[in-house]
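See below for query39.cif, which holds mmCIF, C-alpha atoms and all ligand atoms.
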```
data_entry
loop_
_atom_site.label_atom_id
_atom_site.label_comp_id
_atom_site.auth_asym_id
_atom_site.auth_seq_id
_atom_site.Cartn_x
_atom_site.Cartn_y
_atom_site.Cartn_z
CA MET A 169 8.69 6.65 39.27
CA SER A 170 7.58 9.07 36.54
CA ARG A 171 3.86 9.37 35.76
CA PRO A 172 2.66 7.97 32.44
CA LEU A 173 2.31 10.55 29.68
CA PRO A 174 -1.26 11.46 28.70
CA LEU A 175 -2.56 10.05 25.43
CA GLU A 176 -3.74 12.20 22.54
CA LEU A 177 -6.44 10.12 20.85
CA PRO A 178 -7.98 10.43 17.39
CA ILE A 179 -11.54 11.65 18.01
CA LEU A 180 -12.85 10.60 14.59
CA GLN A 181 -11.94 6.98 14.70
CA ASN A 182 -13.66 3.79 15.86
CA TRP A 183 -12.15 0.36 16.01
CA SER A 184 -12.81 -3.11 17.40
CA CYS A 185 -11.35 -6.37 16.13
CA HIS A 186 -13.81 -8.21 13.89
CA THR A 187 -11.60 -11.34 13.77
CA CYS A 188 -11.17 -11.20 10.00
CA GLY A 189 -7.69 -12.62 10.62
CA GLY A 190 -6.36 -10.28 7.89
CA CYS A 191 -3.50 -8.97 10.04
CA CYS A 192 -2.40 -12.54 10.75
CA LYS A 193 -2.30 -13.23 7.00
CA GLN A 194 -0.69 -10.06 5.70
CA HIS A 195 2.01 -9.15 8.15
CA GLY A 196 5.34 -10.64 9.10
CA ILE A 197 5.37 -10.73 12.92
CA TYR A 198 8.85 -9.94 14.22
CA ILE A 199 9.55 -11.19 17.72
CA THR A 200 12.18 -10.64 20.39
CA ALA A 201 14.46 -13.40 21.75
CA GLU A 202 12.38 -13.33 24.96
CA GLU A 203 9.14 -13.83 23.01
CA GLN A 204 10.71 -16.68 21.06
CA LYS A 205 11.68 -18.42 24.32
CA ARG A 206 8.19 -17.88 25.74
CA ILE A 207 6.54 -19.40 22.68
CA GLU A 208 8.99 -22.33 22.69
CA LYS A 209 8.05 -23.03 26.31
CA GLN A 210 4.35 -23.12 25.36
CA GLY A 211 5.11 -26.59 23.91
CA TRP A 212 3.16 -26.54 20.62
CA THR A 213 2.53 -29.99 19.11
CA ALA A 214 0.48 -31.72 16.43
CA ALA A 215 -2.32 -32.05 19.00
CA ASP A 216 -2.67 -28.23 18.81
CA GLY A 217 -2.90 -28.37 15.04
CA ILE A 218 0.75 -27.47 14.41
CA PRO A 219 1.98 -30.25 12.09
CA ASP A 220 5.15 -32.15 13.05
CA GLY A 221 8.14 -30.59 11.34
CA GLN A 222 6.35 -27.21 10.85
CA PRO A 223 8.87 -24.55 11.98
CA LEU A 224 7.47 -21.91 14.32
CA PHE A 225 10.11 -19.27 13.56
CA VAL A 226 12.07 -17.97 10.61
CA SER A 227 15.37 -16.17 10.94
CA MET A 228 15.71 -13.09 8.73
CA GLY A 229 18.66 -10.89 7.67
CA GLY A 230 22.30 -11.89 7.92
CA LEU A 231 25.47 -11.31 5.89
CA GLY A 232 26.45 -8.19 7.78
CA THR A 233 22.90 -7.05 8.52
CA LYS A 234 21.13 -7.47 11.85
CA ARG A 235 19.34 -10.80 12.30
CA TRP A 236 15.65 -10.84 13.18
CA THR A 237 13.25 -13.63 13.95
CA ARG A 238 9.67 -13.69 12.80
CA LEU A 239 6.82 -16.15 13.21
CA ALA A 240 6.65 -18.72 10.42
CA HIS A 241 3.78 -18.84 7.95
CA GLN A 242 1.57 -21.68 6.83
CA PRO A 243 1.64 -22.61 3.13
CA ASP A 244 -1.29 -20.20 2.44
CA GLY A 245 0.73 -17.30 3.91
CA SER A 246 -1.11 -17.02 7.22
CA CYS A 247 0.68 -17.07 10.58
CA VAL A 248 1.59 -20.51 11.87
CA PHE A 249 -0.66 -19.87 14.89
CA LEU A 250 -3.79 -18.82 12.97
CA ASP A 251 -6.49 -21.49 13.16
CA GLU A 252 -9.09 -22.39 10.56
CA ARG A 253 -11.68 -20.11 12.24
CA GLY A 254 -9.34 -17.11 11.86
CA LEU A 255 -8.48 -17.09 15.57
CA CYS A 256 -5.08 -17.05 17.27
CA LYS A 257 -4.06 -20.32 18.91
CA ILE A 258 -1.74 -18.59 21.39
CA HIS A 259 -4.55 -16.25 22.46
CA GLY A 260 -7.02 -19.15 22.68
CA LYS A 261 -4.79 -21.38 24.78
CA PHE A 262 -2.76 -18.97 26.94
CA GLY A 263 -4.64 -15.66 26.79
CA GLU A 264 -3.98 -12.33 25.11
CA PRO A 265 -0.83 -11.37 27.12
CA ALA A 266 0.94 -14.52 25.87
CA LYS A 267 0.94 -13.24 22.26
CA PRO A 268 3.88 -11.32 20.76
CA LEU A 269 3.70 -7.61 21.55
CA ALA A 270 3.37 -6.72 17.84
CA CYS A 271 0.10 -8.70 17.69
CA ARG A 272 -1.22 -7.16 20.89
CA VAL A 273 -0.59 -3.61 19.75
CA TYR A 274 -1.84 -3.89 16.15
CA PRO A 275 -3.53 -1.82 14.67
CA TYR A 276 -2.50 0.95 17.07
CA ALA A 277 0.66 3.00 16.73
CA PHE A 278 1.98 5.13 19.61
CA HIS A 279 4.30 8.09 19.06
CA PRO A 280 5.94 10.23 21.75
CA ALA A 281 5.14 13.92 21.24
CA GLY A 282 6.85 15.93 23.98
CA ASP A 283 4.72 15.75 27.11
CA GLN A 284 2.10 13.48 25.51
CA ILE A 285 1.81 10.34 23.41
CA THR A 286 -0.18 10.48 20.18
CA VAL A 287 -2.15 7.43 19.08
CA SER A 288 -2.68 6.55 15.44
CA LEU A 289 -4.04 3.49 13.68
CA ARG A 290 -3.01 1.32 10.77
CA PHE A 291 -5.51 1.38 7.92
CA SER A 292 -4.16 -1.95 6.69
CA CYS A 293 -6.89 -3.28 9.02
CA PRO A 294 -10.23 -3.17 7.14
CA SER A 295 -12.15 -2.47 10.36
CA VAL A 296 -10.06 0.69 10.83
CA ALA A 297 -10.59 1.71 7.20
CA GLU A 298 -14.35 1.21 7.55
CA ASN A 299 -14.46 2.87 11.00
CA LEU A 300 -16.11 -0.15 12.63
CA GLY A 301 -16.38 -0.73 16.36
CA THR A 302 -16.00 1.25 19.57
CA PRO A 303 -14.87 4.91 19.48
CA ILE A 304 -11.14 5.07 20.25
CA ILE A 305 -11.80 7.77 22.84
CA GLU A 306 -13.73 5.16 24.86
CA GLN A 307 -10.74 2.79 24.91
CA THR A 308 -8.44 4.86 27.10
CA ASP A 309 -7.77 2.17 29.75
CA GLU A 310 -6.67 -0.41 27.20
CA LEU A 311 -4.61 2.16 25.29
CA ASN A 312 -2.85 3.32 28.47
CA ARG A 313 -1.99 -0.31 29.22
CA LEU A 314 -0.55 -0.81 25.73
CA ALA A 315 1.28 2.53 25.77
CA LYS A 316 3.12 1.45 28.92
CA LEU A 317 4.32 -1.64 27.08
CA VAL A 318 5.52 0.04 23.92
CA VAL A 319 6.63 3.56 24.83
CA PRO A 320 9.75 3.59 27.01
CA ASN A 321 10.13 6.27 29.66
CA ALA A 322 13.14 7.64 27.80
CA ALA A 323 10.79 8.56 24.96
CA ARG A 324 9.85 11.66 26.95
CA ASN A 325 13.14 13.13 25.83
CA ALA A 326 12.70 12.28 22.15
CA PRO A 327 13.25 15.40 20.03
CA ALA A 328 10.49 16.72 17.76
CA PRO A 329 10.71 15.72 14.10
CA ARG A 330 12.53 18.32 12.00
CA LEU A 331 10.40 20.57 9.82
CA THR A 332 12.76 20.19 6.84
CA ASP A 333 16.27 18.81 6.42
CA GLN A 334 17.59 22.27 7.33
CA GLN A 335 15.13 23.46 10.00
CA SER A 336 14.36 21.96 13.36
CA LEU A 337 11.52 22.84 15.75
CA ASP A 338 10.77 22.28 19.42
CA TRP A 339 7.72 20.19 20.29
CA PRO A 340 5.28 23.09 20.90
CA ASP A 341 6.01 24.60 17.47
CA ALA A 342 6.00 21.21 15.74
CA LEU A 343 2.54 20.55 17.22
CA LEU A 344 1.34 23.94 15.94
CA VAL A 345 2.30 22.80 12.42
CA VAL A 346 0.40 19.53 12.98
CA ASP A 347 -2.66 21.51 14.14
CA ALA A 348 -2.48 23.77 11.10
CA LEU A 349 -2.38 20.79 8.71
CA ASP A 350 -5.28 19.22 10.57
CA THR A 351 -7.26 22.48 10.39
CA LEU A 352 -7.02 22.43 6.60
CA LEU A 353 -8.02 18.77 6.41
CA ALA A 354 -10.95 19.33 8.79
CA GLN A 355 -12.77 21.93 6.62
CA GLU A 356 -16.26 20.49 6.29
CA GLU A 357 -17.33 22.75 3.43
CA LEU A 358 -14.64 21.37 1.09
CA GLY A 359 -14.23 17.96 -0.49
CA LEU A 360 -11.17 15.82 0.14
CA ILE A 361 -9.32 16.79 -3.04
CA ASP A 362 -9.66 20.55 -2.48
CA LYS A 363 -8.63 20.24 1.19
CA LEU A 364 -5.66 18.08 0.36
CA GLN A 365 -4.57 20.42 -2.41
CA GLN A 366 -4.60 23.30 0.10
CA ALA A 367 -2.64 21.24 2.65
CA VAL A 368 0.01 20.38 0.02
CA GLN A 369 0.27 24.08 -0.89
CA PHE A 370 0.61 24.95 2.79
CA ALA A 371 3.40 22.37 3.24
CA GLY A 372 5.20 23.78 0.15
CA LEU A 373 5.02 27.34 1.53
CA LEU A 374 6.33 26.23 4.91
CA GLU A 375 9.18 24.37 3.21
CA SER A 376 10.37 27.52 1.51
CA ALA A 377 9.94 29.81 4.57
CA ARG A 378 12.88 30.80 6.82
CA LEU A 379 11.57 30.17 10.31
CA GLU A 380 14.70 30.44 12.47
CA GLU A 381 13.46 33.61 14.21
CA ILE A 382 9.81 32.56 14.39
CA ARG A 383 8.86 30.67 17.51
CA GLY A 384 5.99 30.36 20.01
CA GLN A 385 3.36 33.10 19.66
CA ARG A 386 4.96 34.39 16.45
CA MET A 387 4.85 30.92 14.93
CA GLU A 388 1.16 30.66 15.78
CA GLU A 389 0.47 34.02 14.12
CA PHE A 390 2.59 33.12 11.10
CA LEU A 391 0.71 29.84 10.59
CA GLN A 392 -2.65 31.63 10.92
CA VAL A 393 -1.67 34.10 8.22
CA LEU A 394 -0.65 31.21 5.92
CA LEU A 395 -3.87 29.34 6.62
CA HIS A 396 -5.95 32.41 5.90
CA ALA A 397 -4.07 33.14 2.66
CA ILE A 398 -4.50 29.57 1.41
CA ALA A 399 -8.16 29.28 2.40
CA SER A 400 -9.00 32.57 0.62
CA GLU A 401 -7.43 31.47 -2.71
CA ASP A 402 -9.98 30.96 -5.48
CA ARG A 403 -10.83 27.29 -5.93
CA ASN A 404 -9.59 25.72 -9.12
CA GLU A 405 -12.74 24.54 -10.93
CA ALA A 406 -11.03 23.71 -14.24
CA ALA A 407 -10.65 20.09 -15.32
CA PRO A 408 -7.25 18.99 -14.01
CA PRO A 409 -4.49 18.47 -16.57
CA PRO A 410 -2.72 15.11 -16.50
CA PRO A 411 0.61 14.95 -14.68
CA GLY A 412 3.69 15.67 -16.81
CA ARG A 413 5.44 12.73 -18.47
CA LEU A 414 8.34 12.54 -16.01
CA ALA A 415 5.96 12.95 -13.03
CA ALA A 416 3.67 10.22 -14.40
CA THR A 417 6.63 7.83 -14.66
CA GLN A 418 7.85 8.68 -11.15
CA PHE A 419 4.32 8.24 -9.81
CA ARG A 420 3.80 4.80 -11.40
CA LEU A 421 7.15 3.61 -10.04
CA LEU A 422 6.19 4.92 -6.58
CA ALA A 423 2.67 3.46 -6.73
CA GLY A 424 4.13 0.16 -7.96
CA HIS A 425 5.89 -0.23 -4.58
CA TYR A 426 2.52 0.01 -2.82
CA ALA A 427 0.99 -2.54 -5.20
CA ARG A 428 3.51 -5.22 -4.30
CA LYS A 429 2.75 -8.04 -1.90
CA ASP A 430 5.44 -8.87 0.63
CA THR A 431 6.40 -12.51 0.57
CA TYR A 432 8.52 -12.44 3.74
CA SER A 433 10.93 -14.85 2.08
CA THR A 434 14.29 -15.13 3.80
CA LYS A 435 16.10 -14.92 0.49
CA ILE A 436 14.95 -13.25 -2.71
CA SER A 437 15.43 -15.75 -5.52
CA TRP A 438 16.79 -14.77 -8.93
CA THR A 439 13.36 -15.52 -10.37
CA ALA A 440 11.70 -13.13 -7.92
CA ARG A 441 14.35 -10.49 -8.70
CA SER A 442 13.71 -10.85 -12.44
CA VAL A 443 9.95 -10.53 -11.86
CA MET A 444 10.51 -7.36 -9.80
CA LEU A 445 12.81 -5.91 -12.48
CA TRP A 446 10.27 -6.72 -15.18
CA ALA A 447 7.49 -5.12 -13.13
CA GLY A 448 9.65 -2.00 -12.57
CA TRP A 449 10.25 -1.73 -16.32
CA LYS A 450 6.51 -2.07 -17.01
CA PHE A 451 5.64 0.62 -14.43
CA ALA A 452 8.26 2.95 -15.89
CA ARG A 453 6.87 2.43 -19.41
CA GLY A 454 3.21 2.65 -18.38
CA ALA A 455 1.92 1.24 -21.69
CA GLY A 456 0.16 -2.00 -22.54
CA MET A 457 -0.87 -4.19 -19.62
CA THR A 458 0.07 -3.79 -15.95
CA PRO A 459 2.39 -6.45 -14.51
CA ALA A 460 0.90 -9.17 -12.28
CA VAL A 461 2.08 -8.03 -8.85
CA GLN A 462 -0.35 -9.87 -6.59
CA GLU A 463 -3.41 -12.05 -6.89
CA VAL A 464 -5.98 -9.29 -6.50
CA LEU A 465 -4.23 -6.93 -8.92
CA LYS A 466 -4.49 -8.67 -12.26
CA PRO A 467 -2.97 -7.55 -15.56
CA VAL A 468 -5.21 -4.76 -16.91
CA PRO A 469 -4.52 -2.01 -19.46
CA PHE A 470 -2.52 0.84 -17.90
CA ALA A 471 -5.01 3.15 -19.60
CA ALA A 472 -7.75 1.82 -17.27
CA LEU A 473 -5.90 3.33 -14.29
CA GLU A 474 -6.23 6.81 -15.77
CA ARG A 475 -10.02 6.77 -16.31
CA PRO A 476 -12.07 9.45 -14.47
CA LEU A 477 -14.00 8.29 -11.39
CA GLY A 478 -16.68 10.96 -11.46
CA SER A 479 -17.29 12.60 -8.08
CA LEU A 480 -15.97 10.69 -5.06
CA PRO A 481 -18.77 8.98 -3.09
CA GLU A 482 -19.36 10.58 0.31
CA GLN A 483 -18.14 7.45 2.13
CA VAL A 484 -14.86 7.50 0.20
CA ASP A 485 -14.39 11.20 0.89
CA GLU A 486 -15.01 10.59 4.61
CA MET A 487 -12.71 7.54 4.78
CA LEU A 488 -9.77 9.17 3.02
CA THR A 489 -10.16 12.42 4.98
CA ARG A 490 -10.23 10.38 8.20
CA TYR A 491 -7.13 8.50 7.04
CA LEU A 492 -5.19 11.74 6.56
CA ARG A 493 -6.41 13.30 9.83
CA VAL A 494 -5.69 10.21 11.96
CA LYS A 495 -2.18 9.98 10.48
CA VAL A 496 -1.51 13.70 10.92
CA GLN A 497 -2.95 13.97 14.45
CA GLY A 498 -1.13 10.78 15.44
CA LEU A 499 2.24 11.98 14.03
CA HIS A 500 2.17 8.86 11.88
CA PHE A 501 3.73 10.62 8.87
CA CYS A 502 7.19 11.81 9.88
CA GLY A 503 10.11 11.35 12.26
CA ALA A 504 10.43 7.98 14.00
CA ALA A 505 7.07 6.86 12.56
CA TYR A 506 8.12 7.43 8.95
CA TYR A 507 11.75 6.61 8.12
CA ARG A 508 12.98 9.67 10.10
CA GLU A 509 11.67 11.98 7.38
CA PRO A 510 11.12 15.67 8.30
CA MET A 511 7.52 16.86 8.68
CA ILE A 512 7.16 18.50 5.27
CA ARG A 513 8.59 15.60 3.26
CA GLY A 514 6.63 13.14 5.42
CA PHE A 515 3.41 15.04 4.76
CA GLN A 516 4.11 15.12 1.02
CA SER A 517 4.61 11.33 1.13
CA LEU A 518 1.32 10.97 3.02
CA ALA A 519 -0.51 13.19 0.51
CA LEU A 520 0.70 10.93 -2.30
CA VAL A 521 -0.99 7.94 -0.64
CA ILE A 522 -4.35 9.39 -1.78
CA PRO A 523 -3.62 9.27 -5.55
CA VAL A 524 -1.94 5.90 -4.97
CA VAL A 525 -5.11 4.54 -3.27
CA LEU A 526 -7.36 5.88 -6.04
CA TRP A 527 -4.99 4.40 -8.69
CA LEU A 528 -5.05 1.02 -6.89
CA ALA A 529 -8.84 1.19 -6.56
CA ARG A 530 -9.16 1.65 -10.34
CA TRP A 531 -6.83 -1.34 -10.76
CA LEU A 532 -8.93 -3.50 -8.42
CA ALA A 533 -12.16 -2.54 -10.22
CA SER A 534 -10.60 -3.29 -13.60
CA SER A 535 -9.21 -6.60 -12.29
CA ASN A 536 -12.83 -7.56 -11.65
CA GLY A 537 -14.02 -6.43 -15.06
CA ARG A 538 -15.69 -3.22 -13.81
CA ASP A 539 -15.23 0.36 -15.05
CA ALA A 540 -16.83 1.91 -11.97
CA VAL A 541 -14.85 2.01 -8.73
CA SER A 542 -16.83 0.99 -5.65
CA THR A 543 -16.33 2.02 -2.03
CA ALA A 544 -15.23 -1.58 -1.34
CA ASP A 545 -12.43 -1.14 -3.95
CA VAL A 546 -11.21 1.94 -2.09
CA VAL A 547 -11.33 0.10 1.27
CA GLN A 548 -9.26 -2.71 -0.20
CA ALA A 549 -6.87 -0.24 -1.87
CA ILE A 550 -6.25 1.63 1.40
CA THR A 551 -5.54 -1.63 3.24
CA ILE A 552 -2.99 -2.55 0.54
CA ALA A 553 -1.33 0.88 0.55
CA ASP A 554 -1.24 1.40 4.30
CA HIS A 555 0.28 -2.05 4.80
CA HIS A 556 3.46 -0.53 3.30
CA HIS A 557 3.31 3.14 4.30
CA GLY A 558 5.90 3.66 7.04
CA TYR A 559 6.56 -0.08 7.38
CA SER A 560 7.91 -1.47 4.12
CA PRO A 561 11.74 -1.16 3.96
CA ALA A 562 11.42 -0.37 0.23
CA LEU A 563 9.60 2.91 1.03
CA GLY A 564 12.41 3.98 3.35
CA MET A 565 15.06 3.58 0.65
CA TRP A 566 16.73 6.56 -0.97
CA THR A 567 15.24 5.83 -4.41
CA PHE A 568 11.66 5.91 -3.09
CA ARG A 569 12.21 8.99 -0.92
CA ASN A 570 13.90 10.73 -3.82
CA ARG A 571 10.82 10.12 -5.97
CA VAL A 572 8.70 12.03 -3.43
CA ARG A 573 11.30 14.80 -3.35
CA THR A 574 11.38 15.02 -7.16
CA LEU A 575 7.57 15.15 -7.42
CA ALA A 576 7.46 17.88 -4.74
CA GLN A 577 10.19 19.92 -6.42
CA MET A 578 8.39 19.69 -9.77
CA GLY A 579 5.18 20.90 -8.07
CA GLN A 580 3.41 17.75 -9.29
CA ILE A 581 1.94 16.39 -6.03
CA GLU A 582 -1.10 18.69 -6.25
CA ARG A 583 -1.55 17.76 -9.89
CA LEU A 584 -1.44 14.02 -9.08
CA VAL A 585 -3.96 14.53 -6.26
CA ARG A 586 -6.35 16.32 -8.63
CA TRP A 587 -5.80 13.96 -11.57
CA TYR A 588 -6.48 10.72 -9.69
CA GLY A 589 -9.19 12.36 -7.55
CA ARG A 590 -11.23 13.36 -10.61
S1 LIG A 601 0.54 -14.95 16.88
FE1 LIG A 601 -1.67 -14.98 16.83
S2 LIG A 601 -2.30 -12.81 16.68
FE2 LIG A 601 -0.11 -12.93 16.13
S3 LIG A 601 -0.12 -13.11 13.87
FE3 LIG A 601 -0.07 -15.21 14.72
S4 LIG A 601 -2.24 -15.82 14.81
FE4 LIG A 601 -2.21 -13.60 14.58
#
```

Would you mind writing the structure in this file as structure tokens?
Ligand code: SF4
Amino acid sequence: MSRPLPLELPILQNWSCHTCGGCCKQHGIYITAEEQKRIEKQGWTAADGIPDGQPLFVSMGGLGTKRWTRLAHQPDGSCVFLDERGLCKIHGKFGEPAKPLACRVYPYAFHPAGDQITVSLRFSCPSVAENLGTPIIEQTDELNRLAKLVVPNAARNAPAPRLTDQQSLDWPDALLVVDALDTLLAQEELGLIDKLQQAVQFAGLLESARLEEIRGQRMEEFLQVLLHAIASEDRNEAAPPPPGRLAATQFRLLAGHYARKDTYSTKISWTARSVMLWAGWKFARGAGMTPAVQEVLKPVPFAALERPLGSLPEQVDEMLTRYLRVKVQGLHFCGAAYYREPMIRGFQSLALVIPVVLWLARWLASSNGRDAVSTADVVQAITIADHHHGYSPALGMWTFRNRVRTLAQMGQIERLVRWYGR
């Protein structure tokens, strides 16, 4: 039997479950046929607090698409097994291994990376966003146990994500690119916005480079030269100009996807479709009031989402830098972890999450009648955005991915980062 692959853990991140029950309220939990049978055999009744006639499962998909089963929700949107104290009934009655695998693994994400497995985390969990709990590097035993459950042996042979649509890399060179991006994001002397701007420039230069002949030691040297050139550029101290009109429209449409709340309905009604169409039209127009997309994001003037923040509080800078570094180190931005996108496009999509989060944070503050954005607004905004990033089918669709491509080709990602980071 082959030995388990070593884990590459994020050194900056802490996490323990604080039983907020948020994951059991926000996410649709998809289960296998085997898990469905196991839960059926557990014999849930009204005596366990599951009302008679309450379905445990919902069947999704159909009409030519693959069918999936997920756990049903209670009327308030929480999982059918979540109790009034925010605890899992399956866990309470039968122990942690009896829960669906998706619940056991959350908020971790494991990605094969050649002869190792990288570990990332989902910032849709507020405890991850706020860095609460035990350092991840002290959780190796538990993570090894989970990795065995979710990463098949065949994953050792998984190819590295492509660099671009046209250029592929082997794992050692792909990991050099990851290290280079992380090096830029790790610069302690720079604030988040400057570091991210450099990383976006670096990704743009790599995208236009012809690297067929550059491998191994030469790749390492080439990346060092690029890093040096970017780090020695003069910093742009001027007030950032607003994004161009077309870029602003594309950005609002993109950010609007992150603002939505999934309903997990089996069918999308005509009413829901009309609401989505109306919201799309409002985002494209960007004038007047924002559409009502979910309870916490109330109608506010679009102009309020463009107001300056002043300098980012240190905690926000730390949290968003940690977000980017955990996602980059954990390969949670490209390939199998992100709609099979190549590394450069995946990184550009990840970079755009930062202006999206700061746009959502302004929206949350305004929804509560405040001009000033608080750290708590940014925590809530990152949990909303990361709920979708890499997981929502809408973000994997051609239209969404093409928006990222268009913004990158227009050179507007850096401008959006600076504009919403100001
Ligand atoms: S099965 Fe348990 S852990 Fe999973 S979502 Fe439901 S309540 Fe939460």

Distance query 12 Å from (-0.4, -1.2, 14.0) using all atoms listed in the file, result as a PyMOL selection string = chain A and resi 191-192+195+197+269-279+287-293+296+314+318+495+500+505+551+554-559

task = In Å, rounded to a single decimal, give me how far CA of Gly260 in chain A is from CA of Ala297 in chain A.
result =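 So the answer is 26.2 Å.
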
key: d(CA of Ile218 in chain A, CA of Leu250 in chain A) in Å   =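 One can read the CA of Ile218 in chain A to CA of Leu250 in chain A distance as 9.9 Å.
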
request  = Calculate how many Å separate atom S3 of ligand LIG 601 (chain A) from CA of Asp244 in chain A, rounding to one decimal.
outcome  =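 Pair atom S3 of ligand LIG 601 (chain A) / CA of Asp244 in chain A returns 13.5 Å.
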
message = Please find the residues contacting ligand LIG 601 (chain A) at a distance of at most 12 Å between atoms, with only C-alpha atoms and all ligand atoms counted, and report them as a PyMOL selection string.
response = chain A and resi 185+187-199+203-204+207+224-225+238-242+245-275

key: Using only C-alpha atoms: which of A:Gln483, A:Thr574, A:Asn299, A:Ser400 has the shortest distance to Gly359 in chain A   =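 Checking each candidate against Gly359 in chain A, we get A:Gln483 as the closest.
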
message = Which residues are near Phe370 in chain A? Cut-off 8 Å, all atoms listed in the file, ignore same chain within fewer than 3 positions. Put them as a PyMOL selection string.
response = chain A and resi 349+366-367+373-374+394-395+398

ask   = Pick the closest to Ser479 in chain A from A:Gln580, A:Gln462, A:Ser542, A:Ser336: which is it, counting all atoms listed in the file?
value = A:Ser542

ask   = Leu337 in chain A: which residues within 9 Å, counting all atoms listed in the file, same-chain residues fewer than 5 positions away excluded, as a list in words?
value =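 Here the answer would be Pro327, Ala328, Pro329, Arg330, Leu331, Ala342, Glu380 and Arg383 of chain A.
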